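**Student:** Below is the structure I would like to discuss, written out as structure tokens.
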Amino acid sequence: MPKTDDIFQVLIVDDEQNIRDGSERILSRIGFEVLQASTGAEALDILAKQTVEIVLLDLKMPGMDGMEVLARIQEFDKPILVIVITGFATVETAIAAMKQGAYDFIAKPFEPEQLRIVVNRAAEKLRLTRDARNLELERNRTLSDLHMEKSRLHTILESLPNGVGVINSQGQVVLMNPAFLHHLELPLTTESGKQVEEYIKDTDLCNLIREISQGRHVDYEDIPTYDLTISDTKFIQARGRPVLGERNQCLGAVVTFVDITNIKIIDRMKSEFVAKVSHELRSPLSTIHEQLVHVLGEMVAESSNVDPHILMRAKEKTHGLISLIGDLLDLSRIEAGMITQEPVAVKIDELLKGIVDFLASKAAGKNQLLTLEIPADNLPALTADPLALESIYGNLITNALHYTQPGGEIRVKAELVGISIRVSVIDNGFGIEAQHLNKIFERFYRVKDENTRLITGTGLGLPIVKGLVDSLGGFIDVESTPGSGSVFMVTLPLQDT
């Protein structure tokens, strides 16, 4: 039976009234809309004015016979299926009608079920033809939309000021825009399709891109940016992200390239200025500090009645200034890329144990519990500057001791995460308000409240840590809840030793 929302119109053309009425009753009951015509001329008039999909046509009629009506129906530019009704005519005539374009035939006298079967078969034929036509139209429309979408995306990609390169899982550059070629100083005629090393000469960046394109980074937020030096006067920052398929499989990587030359020049000028000023201040301040120490020593030796409080405060302030200048110089060296030692293989568990043991007495002085958690299996070695690692973890653990109340707990946890080592410093101390979290790595920024107002510091410890982490190709993250504590996480990539 046809669907209620899929009704076809049937025209019954027969000179016998009882055939027309009987056929209409049968077909109406199964959902067809039925029209009647007693002559060929009347049928053609109806077909010219109305939409009819199926025609039941008697071949033997007075006046215009069925074969002539069939021929005239073929001239209509409409999808009409004709089922011829034979009675007095022979089977050979029905076959001739089908050769002329009729869809099927039914012989008089016919049973109701025979009529239902042949008309339903015609309706199904029409339905399938229409569905196929709609699918073809949808396919053509989809292809057209896809072509237009690709054209729009191509135009957008071409006009982007930042370089964009798409690399497949085999390390081939399959798509790139003009800015990609411009930033890497490649000829504009360079074609895609070659291995990434043909376009980028920096081995470390190529290795990072291949790792991303092969899905070797577990946490996409852990993927570091990479600063690429094109020349002494041109610097590019590269950032990569994996391209995922429908099943979340890694198909490759998309890498963006941003020109950061101006930023680098400004940072270099700023670092040079800070270093110069710091050097100029350090020497006289050290002299003043030593003289104050000497004077205070003589006053104690002579049992002077002079109140040394002012001189002690001066000594503390000069010591604080010397510490500040030292931190500034360290920060300038980090930003200039001056690592104190050549990278070597460092066993993180041993390094952390040494730092924790060294700071244990400081924790005990505040009745704090300082513990170290390392995996049962030995962690792989990190290839890095050991002094930089000591500075990173030492600063973070010392900060945790400072900003945790007496009796608090500080946990240092090391673990292997993908192809990186993550060290977390976890405390249950004062915590940090949310509005401060995005500022604590800025120079001289310090959180000041009732809990921290008496804690001294330069405000450069965390910027130094972040600078060292960045120089080692890692990243640092922080989570904190006021009144419950903080978690500082440093993730550094493993490298071949």
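Residues are referred to by chain and number: the chain letter is A, B, ... according to the order shown in the structure tokens, the number counts from 1 in that chain, and ligands are numbered separately from 1 in the order shown.
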Per residue of stretch 117-183 of chain A within 12 Å of stretch 242-245 of chain A, record the nearest atom pair and its distance in Å to one decimal, counting only C-alpha atoms, with rows in chain order and ascending residue number, as a tab-separated table.
**Tutor:**
```
residue	atom	partner	partner_atom	distance
A:Gly165	CA	A:Val243	CA	11.7
A:Val166	CA	A:Val243	CA	8.7
A:Ile167	CA	A:Val243	CA	9.1
A:Asn168	CA	A:Val243	CA	8.7
A:Ser169	CA	A:Val243	CA	9.5
```
**Student:** Residues of the last selection are to be written out with C-alpha atoms, as an mmCIF file, in the first residue's frame.
**Tutor:**
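The resulting file, result08.cif, is shown below:
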```cif
data_model
loop_
_atom_site.group_PDB
_atom_site.id
_atom_site.type_symbol
_atom_site.label_atom_id
_atom_site.label_comp_id
_atom_site.auth_asym_id
_atom_site.auth_seq_id
_atom_site.Cartn_x
_atom_site.Cartn_y
_atom_site.Cartn_z
ATOM 1 C CA GLY A 165 51.023 24.014 6.596
ATOM 2 C CA VAL A 166 49.193 20.676 6.717
ATOM 3 C CA ILE A 167 51.374 17.597 7.163
ATOM 4 C CA ASN A 168 50.112 14.010 6.842
ATOM 5 C CA SER A 169 51.113 11.122 9.102
#
```
**Student:** Could you name the residues that touch A:Phe8 at 9 Å or less, counting only C-alpha atoms, but leaving out those on the same chain fewer than 5 positions away, as a PyMOL selection string?
**Tutor:** chain A and resi 2+31-34+52-54+123
**Student:** Quick one, how far is atom CA of A:Asn378 from atom CA of A:Glu342?
**Tutor:**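 It comes out at 23.6 Å.
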**Student:** For A:Leu56, which residue among A:Glu113, A:Glu197, A:Glu211, A:Glu24 is the nearest when counting only C-alpha atoms?
**Tutor:**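 Smallest distance to A:Leu56 is found for A:Glu24.
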**Student:** Find the residues near A:Ala48: any atom within 12 Å, counting only C-alpha atoms, skip ones fewer than 6 places away on the same chain, and give them as a PyMOL selection string.
**Tutor:** chain A and resi 41-42+72-73+75-78+80
**Student:** Could you write those residues out with N, CA and C atoms, as a CSV table (one decimal), in the first residue's frame?
**Tutor:**
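Now in out_5.csv:
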```
chain,number,residue,atom,x,y,z
A,41,ALA,N,-10.1,11.1,-26.0
A,41,ALA,CA,-10.0,12.5,-26.1
A,41,ALA,C,-10.2,13.1,-24.7
A,42,GLU,N,-11.1,12.6,-23.9
A,42,GLU,CA,-11.3,13.1,-22.6
A,42,GLU,C,-10.1,12.8,-21.7
A,72,ARG,N,0.0,9.4,-28.1
A,72,ARG,CA,-0.2,10.8,-27.7
A,72,ARG,C,0.4,11.1,-26.3
A,73,ILE,N,0.2,10.1,-25.4
A,73,ILE,CA,0.7,10.2,-24.0
A,73,ILE,C,2.2,10.3,-24.0
A,75,GLU,N,4.0,11.9,-26.0
A,75,GLU,CA,4.4,13.2,-26.3
A,75,GLU,C,4.4,14.2,-25.1
A,76,PHE,N,3.7,13.8,-24.1
A,76,PHE,CA,3.7,14.6,-22.8
A,76,PHE,C,5.1,14.6,-22.2
A,77,ASP,N,5.6,15.7,-21.7
A,77,ASP,CA,6.8,15.7,-21.0
A,77,ASP,C,6.6,15.5,-19.5
A,78,LYS,N,6.0,14.3,-19.2
A,78,LYS,CA,5.7,14.0,-17.9
A,78,LYS,C,6.0,12.5,-17.6
A,80,ILE,N,4.8,9.5,-16.8
A,80,ILE,CA,3.5,8.8,-16.7
A,80,ILE,C,3.7,7.3,-17.1
```
**Student:** Stretch 38-276 of chain A: which residues are alpha helix (DSSP H) by DSSP, as a PyMOL selection string?
**Tutor:** chain A and resi 40-49+66-74+91-99+112-159+178-183+203-213+261-276
